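Read through the structure below, which is laid out as structure tokens, and then see the notes.
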Amino acid sequence: MPASQSNRSQNALPRSSVPTERIRVFDDMPVDPRGVFVLYWMTAARRTSWNFAFDRAVDWARELGKPLLVVEVLRCYGLGHNWDSTRHHTFVLQGMADNARHLANTPVRYYPFVETRPGQSSFDLMAKLAARACAVVTDDYPIGQHGCISESLPVRREAVDGNGLLPMRLADKAFTTAHAFRRFLQRRLPDFLLQAPRANPLARVKLPPMKSLSREITQRWPPATAALLRAEPSALAALPIDQDVLPVATRGGSKAAGVVLKRFLRERLARYAEQRNAVDDEVASGLSPYLHHGHISAHEIFQAIARCDDWSPDRLADKATGRREGWWGMSAAAEAFLDELVTWREVGFNMCAERNDYYLYESLPDWAQKTLAKHARDRREYVYSLDEFDAAATHDPLWNAAQRQLVTEGRIHNYLRMLWGKKILEWTATPQEALEVMIELNNRYAIDGCDPNSYSGVFWGLGRYDRAWGPERPVFGTVRYMSSENTARKLRVAGYLKRYGPTDAGDVSPRRILPRRHGRH
């Protein structure tokens with residue numbers, strides 16, 4: 001590279017389509033033109049299209065005339081310290097296999113790294129690679145250590161937010177109601193709706209090929225084997241992860257995500273507004289696990305919905321009212337779905353980005369904590385242990401069915417998930433214990449566990465994003481109450497009970513529960 005170009009690249013930002021509101025720069029270090037490559041440290045947006053972080057890394061590589069190295073990491077915390085399991089690892093590995101195929105015939109070097117033991121720190125790998133990089137780009141994600149590159153490294157480091165339609169850090173507070181957040185969205189979102197990541201980031205982009213990595217790198221941090229990328233049971237069995245939580249039929253990866261999106265648009269979207277709570281003919285999109293693991297982008301989903309509705313931004317309402325209906329100027333079905341995809345999903349990201357205690361009981365609204373404390377000593381008709389909840393061994397057939405669906409499929413029907421949480425509150429000795437049980441079971445079994453949106457759902461059962469409801473009841477106080485009897489009257493649940501009923505007439509044996517700590521995959 002000519003000296004003039006090197007000097008210019010060191011001090012100037014690349015020509016980029018990524019909005020500056022989505023980019024966090026650490027320590028304001030300059031790029032190092034002497035570096036060998038640009039490093040994209042992929043941890044949350046696990047996809048090669050519709051990905052602002054990947055776009056940014058490509059822009060840097062193009063500007064500097066350097067190769068692009070993409071390192072996708074799957075961490076391993078060790079048995080008993082997180083919710084790592086064959087279920088979650090399998091889903092992520094299937095996505096890594098997709099990424100390997102997508103980048104196989106491109107100049108981009110893809111390096112999948114799976115920690116095979118605790119202490120085999122991927123952060124040491126990052127430091128080693130960053131020392132040879134011109135710049136480091138990673139994903140900005142509000143939970144866990146995704147996007148965390150706090151080590152003091154003498155190179156420009158950027159974390160890029162590709163989580164939702166609205167840049168996550170535009171807000172300067174945690175919103176306490178969906179209505180207030182919706183008004184904020186409606187005021188700010190029009191400026192960003194047309195700023196989407198590229199569907200094909202490598203189109204018409206010429207990058208130099210990546211040379212081989214040093215033997216020190218490949219021996220100390222060997223890339224994932226072909227058997228691991230195929231998620232073969234024998235390869236997974238060698239990892240110190242929870243082997244009791246088995247893979248589910250739902251396949252991970254961007255290819256599978258695309259199939260699920262097309263099915264939703266073709267078969268379910270038109271009925272979404274009227275039948276979203278139906279149990280016998282479910283119309284849920286099925287996209288939550290793919291959003292959680294970064295296998296599909298909210299932007300891609302939104303663009304597909306907009307095309308189905310032949311929508312353009314000039315159909316947006318003039319005023320931000322905070323109402324669920326009418327602002328988008330789309331069909332009732334599309335607006336109902338977008339309220340879930342945008343409002344409810346992104347308010348969860350807002351909470352996790354603005355409050356470090358988002359997973360603690362003390363993050364509940366004051367009114368909820370006060371009313372639950374007032375009724376903490378109320379008599380419970382039933383009190384179950386974590387093992388009994390885990391084993392679906394309660395007196396309530398509908399709750400047990402929901403728990404069995406969670407254990408076997410990694411998900412719970414949308415409406416029944418709310419009932420599931422409310423009953424745990426009712427059947428535990430304290431609301432604090434109820435929260436621990438909900439977080440443990442959700443994060444252990446749900447494919448989209450440990451997600452900002454799943455924390456929203458868990459905490460909603462205790463009053464987050466809600467208001468006080470009367471009459472005041474035992475245990476619940478003024479926290480919204482739900483019952484299995486009312487749910488069964490509102491929804492046709494006979495088929496659901498049959499499908500997820502007990503496998504035999506005897507009691508279900510409790511599963512082995514390991515002590516956990518808060519974390520994320």
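Every chain in the structure tokens has a letter given in the order shown (A, B, ...), and although residue numbers restart at 1 in each chain, ligands are simply numbered from 1 in the order shown.
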
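Residue neighbourhood of Ala100 in chain A, excluding near-sequence residues (fewer than 5 positions): A:Arg46, A:Arg47, A:Thr48, A:Val70, A:Val71, A:Glu72, A:Leu93, A:Gln94, A:Gly95, A:Asn105, A:Thr106, A:Val108, A:Arg109, A:Tyr110, A:Tyr111, A:Pro112, A:Phe113, A:Pro223, A:Ala224, A:Thr225, A:Ala226, A:Leu229, A:Arg230, A:Gly253, A:Ser254, at 12 Å, using only C-alpha atoms.
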
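Residues surrounding Trp221 in chain A within 9 Å are Phe113, Val114, Glu115, Gln120, Ser121, Ser122, Leu125, Glu216, Ile217, Thr218, Gln219 and Pro223 of chain A [only C-alpha atoms; sequence separation below 2 positions excluded].
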
Report the closest atom pair, with its distance in Å rounded to one decimal, for each residue of range 85-105 of chain A that has an atom no farther than 10 Å from range 232-238 of chain A; count only C-alpha atoms, sort by chain and then rising residue number, and write it as a tab-separated table.
```
residue	atom	partner	partner_atom	distance
A:Ser85	CA	A:Leu236	CA	9.0
A:Thr86	CA	A:Leu236	CA	6.5
A:Arg87	CA	A:Leu236	CA	9.9
A:His89	CA	A:Leu236	CA	8.0
A:Thr90	CA	A:Leu236	CA	8.1
A:Leu93	CA	A:Glu232	CA	10.0
```

### Task
Write out as a count of residues only which residues come within 9 Å of Ala171 in chain A when counting only C-alpha atoms, dropping same-chain ones fewer than 2 positions away.
9

### Task
Write out as a VMD selection string the residues lying within 12 Å of range 441-443 of chain A, counting only C-alpha atoms and excluding same-chain residues fewer than 5 positions away.
chain A and resid 82 to 85 87 to 88 245 359 386 to 392 402 to 407 410 to 412 417 420 to 421 424 434 to 436 448 to 459 511 513 to 521

Can you tell me, as a short mmCIF file (atom, residue, chain, number, x, y, z; two decimals) with N, CA, C and O atoms, in the first residue's frame, what residues are no more than 10 Å from Leu316 in chain A when counting only C-alpha atoms, ignoring any on the same chain fewer than 3 positions away?
```cif
data_model
loop_
_atom_site.label_atom_id
_atom_site.label_comp_id
_atom_site.auth_asym_id
_atom_site.auth_seq_id
_atom_site.Cartn_x
_atom_site.Cartn_y
_atom_site.Cartn_z
N GLN A 186 -41.65 5.33 17.89
CA GLN A 186 -42.38 6.00 16.83
C GLN A 186 -41.81 7.39 16.53
O GLN A 186 -41.92 7.86 15.39
N PRO A 190 -38.35 6.44 12.33
CA PRO A 190 -38.36 6.83 10.91
C PRO A 190 -37.00 7.23 10.36
O PRO A 190 -36.72 7.03 9.17
N TRP A 311 -45.44 -2.12 1.28
CA TRP A 311 -45.36 -0.97 2.18
C TRP A 311 -44.21 -0.04 1.80
O TRP A 311 -43.18 -0.47 1.28
N SER A 312 -44.38 1.25 2.08
CA SER A 312 -43.31 2.24 1.95
C SER A 312 -43.40 3.19 3.13
O SER A 312 -44.47 3.34 3.75
N PRO A 313 -42.30 3.87 3.49
CA PRO A 313 -42.29 4.72 4.68
C PRO A 313 -43.30 5.86 4.66
O PRO A 313 -43.64 6.38 5.73
N LYS A 319 -47.88 11.24 13.73
CA LYS A 319 -47.63 11.46 15.15
C LYS A 319 -47.27 10.17 15.87
O LYS A 319 -47.74 9.09 15.50
N ALA A 320 -46.45 10.32 16.90
CA ALA A 320 -46.10 9.19 17.76
C ALA A 320 -47.09 9.14 18.91
O ALA A 320 -47.01 9.93 19.85
N GLY A 326 -52.07 1.12 13.85
CA GLY A 326 -52.23 2.29 13.00
C GLY A 326 -50.98 3.05 12.66
O GLY A 326 -50.95 3.76 11.65
N TRP A 327 -49.91 2.94 13.46
CA TRP A 327 -48.74 3.77 13.20
C TRP A 327 -47.99 3.33 11.94
O TRP A 327 -47.54 4.16 11.16
N TRP A 328 -47.86 2.04 11.74
CA TRP A 328 -47.10 1.55 10.59
C TRP A 328 -47.81 1.80 9.26
O TRP A 328 -47.15 1.94 8.23
N GLY A 329 -49.12 1.82 9.28
CA GLY A 329 -49.86 1.92 8.02
C GLY A 329 -49.85 0.61 7.26
O GLY A 329 -49.87 0.59 6.02
N MET A 330 -49.81 -0.50 8.01
CA MET A 330 -49.83 -1.83 7.40
C MET A 330 -51.11 -2.55 7.79
O MET A 330 -51.96 -2.01 8.51
#
```

### Query
Can you list, as a ChimeraX atom specification, every residue of range 56-239 of chain A that DSSP puts in helix (DSSP H, G or I)?
/A:56-64,86-103,122-130,168-170,178-191,215-220,226-229,233-237

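The shortest atom-to-atom distance to Thr394 in chain A, with only C-alpha atoms taken into account, belongs to A:Trp427 out of A:Arg15, A:Trp427, A:Leu153, A:Gly501.
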
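Near Leu425 in chain A, within 9 Å and counting only C-alpha atoms, sit Gly421, Lys422, Thr428, Ala429, Thr430, Pro431, Gln432, Glu433, Ala434, Leu435, Met438, Gly461, Leu462, Val475 and Phe476 of chain A, not including residues fewer than 3 positions from it in the same chain.
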
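CA of His395 in chain A sits 14.9 Å away from CA of Tyr500 in chain A.
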
### Message
I want to know what sits within 10 Å of range 367-373 of chain A, based on only C-alpha atoms, with residues of the same chain fewer than 2 positions away left out; could you give that as a PyMOL selection string?
### Response
chain A and resi 361-365+375-378+425+430-432+462-464+466-468+472-480

Include N, CA, C and O atoms and write out the residues we just selected as a short mmCIF file (atom, residue, chain, number, x, y, z; two decimals), in the first residue's frame.
```
data_model
loop_
_atom_site.label_atom_id
_atom_site.label_comp_id
_atom_site.auth_asym_id
_atom_site.auth_seq_id
_atom_site.Cartn_x
_atom_site.Cartn_y
_atom_site.Cartn_z
N TYR A 361 -33.88 -9.58 41.03
CA TYR A 361 -35.21 -9.30 41.55
C TYR A 361 -35.39 -7.80 41.81
O TYR A 361 -36.46 -7.24 41.60
N GLU A 362 -34.32 -7.14 42.24
CA GLU A 362 -34.39 -5.73 42.59
C GLU A 362 -34.64 -4.82 41.40
O GLU A 362 -34.90 -3.62 41.57
N SER A 363 -34.59 -5.36 40.18
CA SER A 363 -34.88 -4.54 39.00
C SER A 363 -36.37 -4.43 38.72
O SER A 363 -36.78 -3.68 37.84
N LEU A 364 -37.20 -5.15 39.48
CA LEU A 364 -38.65 -5.04 39.31
C LEU A 364 -39.13 -3.65 39.69
O LEU A 364 -38.50 -2.96 40.51
N PRO A 365 -40.26 -3.20 39.14
CA PRO A 365 -40.81 -1.90 39.54
C PRO A 365 -41.08 -1.85 41.04
O PRO A 365 -41.39 -2.87 41.66
N HIS A 375 -47.27 -9.67 50.49
CA HIS A 375 -47.92 -10.98 50.47
C HIS A 375 -46.92 -12.14 50.50
O HIS A 375 -47.29 -13.28 50.22
N ALA A 376 -45.67 -11.84 50.84
CA ALA A 376 -44.64 -12.88 50.80
C ALA A 376 -44.92 -14.02 51.78
O ALA A 376 -44.54 -15.17 51.53
N ARG A 377 -45.60 -13.71 52.90
CA ARG A 377 -45.86 -14.74 53.92
C ARG A 377 -47.24 -15.38 53.76
O ARG A 377 -47.66 -16.17 54.62
N ASP A 378 -47.94 -15.05 52.68
CA ASP A 378 -49.26 -15.66 52.47
C ASP A 378 -49.13 -17.17 52.32
O ASP A 378 -48.13 -17.69 51.79
N LEU A 425 -44.78 -18.45 40.28
CA LEU A 425 -44.89 -17.46 41.36
C LEU A 425 -45.85 -17.94 42.45
O LEU A 425 -45.57 -17.80 43.65
N THR A 430 -41.27 -18.05 48.01
CA THR A 430 -41.07 -16.60 47.96
C THR A 430 -41.03 -16.17 46.50
O THR A 430 -40.69 -16.97 45.61
N PRO A 431 -41.31 -14.90 46.21
CA PRO A 431 -41.20 -14.44 44.83
C PRO A 431 -39.76 -14.47 44.33
O PRO A 431 -39.52 -14.66 43.13
N GLN A 432 -38.80 -14.28 45.23
CA GLN A 432 -37.40 -14.36 44.82
C GLN A 432 -37.06 -15.78 44.34
O GLN A 432 -36.36 -15.95 43.32
N LEU A 462 -43.76 -11.17 37.05
CA LEU A 462 -43.63 -10.56 38.37
C LEU A 462 -43.93 -9.06 38.35
O LEU A 462 -43.76 -8.39 39.37
N GLY A 463 -44.35 -8.54 37.20
CA GLY A 463 -44.79 -7.15 37.15
C GLY A 463 -44.02 -6.21 36.24
O GLY A 463 -44.44 -5.06 36.07
N ARG A 464 -42.90 -6.65 35.67
CA ARG A 464 -42.15 -5.76 34.77
C ARG A 464 -43.00 -5.42 33.55
O ARG A 464 -43.65 -6.30 32.98
N ASP A 466 -45.69 -3.97 33.41
CA ASP A 466 -47.12 -4.09 33.67
C ASP A 466 -47.52 -3.03 34.70
O ASP A 466 -46.70 -2.21 35.14
N ARG A 467 -48.77 -3.07 35.12
CA ARG A 467 -49.29 -2.15 36.13
C ARG A 467 -49.99 -2.96 37.21
O ARG A 467 -50.13 -4.19 37.10
N ALA A 468 -50.42 -2.30 38.26
CA ALA A 468 -51.15 -2.97 39.33
C ALA A 468 -52.55 -3.33 38.86
O ALA A 468 -53.20 -2.57 38.13
N GLU A 472 -56.91 -7.24 44.87
CA GLU A 472 -55.70 -7.74 45.51
C GLU A 472 -55.91 -9.18 45.92
O GLU A 472 -56.94 -9.53 46.51
N ARG A 473 -54.94 -10.04 45.60
CA ARG A 473 -55.08 -11.48 45.83
C ARG A 473 -53.97 -12.00 46.73
O ARG A 473 -52.89 -11.39 46.81
N PRO A 474 -54.19 -13.15 47.37
CA PRO A 474 -53.11 -13.79 48.12
C PRO A 474 -51.93 -14.09 47.18
O PRO A 474 -52.11 -14.38 45.99
N VAL A 475 -50.74 -14.03 47.72
CA VAL A 475 -49.48 -14.31 47.03
C VAL A 475 -49.17 -13.23 45.99
O VAL A 475 -48.11 -12.63 45.99
N PHE A 476 -50.11 -12.97 45.06
CA PHE A 476 -49.88 -12.05 43.95
C PHE A 476 -49.98 -10.59 44.37
O PHE A 476 -49.34 -9.73 43.76
N GLY A 477 -50.78 -10.29 45.36
CA GLY A 477 -51.06 -8.89 45.66
C GLY A 477 -51.78 -8.26 44.48
O GLY A 477 -52.82 -8.76 44.03
N THR A 478 -51.21 -7.19 43.94
CA THR A 478 -51.81 -6.55 42.76
C THR A 478 -51.05 -6.87 41.48
O THR A 478 -51.29 -6.25 40.44
N VAL A 479 -50.12 -7.83 41.51
CA VAL A 479 -49.51 -8.34 40.28
C VAL A 479 -50.56 -9.13 39.51
O VAL A 479 -51.35 -9.88 40.09
N ARG A 480 -50.58 -8.95 38.22
CA ARG A 480 -51.59 -9.60 37.37
C ARG A 480 -51.67 -11.11 37.64
O ARG A 480 -50.64 -11.79 37.71
#
```

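If you look at CA of Arg266 in chain A and CA of Ser288 in chain A, they are 17.7 Å away from each other.
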
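Nearest residue to Ala284 in chain A among A:Glu485, A:His413, A:Phe181, A:Cys308 is A:His413, counting only C-alpha atoms.
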
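Taking CA of Pro154 in chain A and CA of Ser49 in chain A as endpoints, the distance between them is 29.1 Å.
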
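Between Val160 in chain A and the residues A:Val493, A:Ala278, A:Ala45, A:Ala270, the shortest atom-to-atom distance, using only C-alpha atoms, involves A:Ala45.
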
### Top pick for closest residue to Val25 in chain A, considering A:Val260, A:Val205, A:Ala61, A:Val136 and counting only C-alpha atoms
A:Val136

### Task
Please run DSSP on the backbone and report, as a ChimeraX atom specification, all residues within range 85-207 of chain A that come out as strand (DSSP E).
/A:109-114,133-139,156-160

Export C-alpha atoms of the chosen residues as a PDB file, in the first residue's frame?
```pdb
ATOM      1  CA  ARG A 109     -11.022 -16.430   6.011  1.00  0.00           C
ATOM      2  CA  TYR A 110     -13.512 -18.056   8.387  1.00  0.00           C
ATOM      3  CA  TYR A 111     -12.142 -19.514  11.626  1.00  0.00           C
ATOM      4  CA  PRO A 112     -14.671 -21.337  13.854  1.00  0.00           C
ATOM      5  CA  PHE A 113     -13.363 -21.707  17.389  1.00  0.00           C
ATOM      6  CA  VAL A 114     -15.140 -23.820  20.020  1.00  0.00           C
ATOM      7  CA  ALA A 133      -4.806  -6.771  13.225  1.00  0.00           C
ATOM      8  CA  CYS A 134      -5.331  -3.357  11.677  1.00  0.00           C
ATOM      9  CA  ALA A 135      -8.690  -3.045  13.444  1.00  0.00           C
ATOM     10  CA  VAL A 136     -11.053  -5.250  15.426  1.00  0.00           C
ATOM     11  CA  VAL A 137     -14.825  -5.304  14.929  1.00  0.00           C
ATOM     12  CA  THR A 138     -17.176  -7.256  17.167  1.00  0.00           C
ATOM     13  CA  ASP A 139     -20.887  -7.497  18.010  1.00  0.00           C
ATOM     14  CA  ARG A 156      -8.840   0.355  16.939  1.00  0.00           C
ATOM     15  CA  ARG A 157     -11.695  -1.659  18.440  1.00  0.00           C
ATOM     16  CA  GLU A 158     -15.350  -1.230  17.530  1.00  0.00           C
ATOM     17  CA  ALA A 159     -18.517  -2.925  18.732  1.00  0.00           C
ATOM     18  CA  VAL A 160     -21.380  -2.738  16.237  1.00  0.00           C
TER      19      VAL A 160
END
```

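Of the residues under consideration (A:Ala401, A:Leu419, A:Met42, A:Ala304), A:Met42 shows the shortest atom-to-atom contact distance to Asn99 in chain A when counting only C-alpha atoms.
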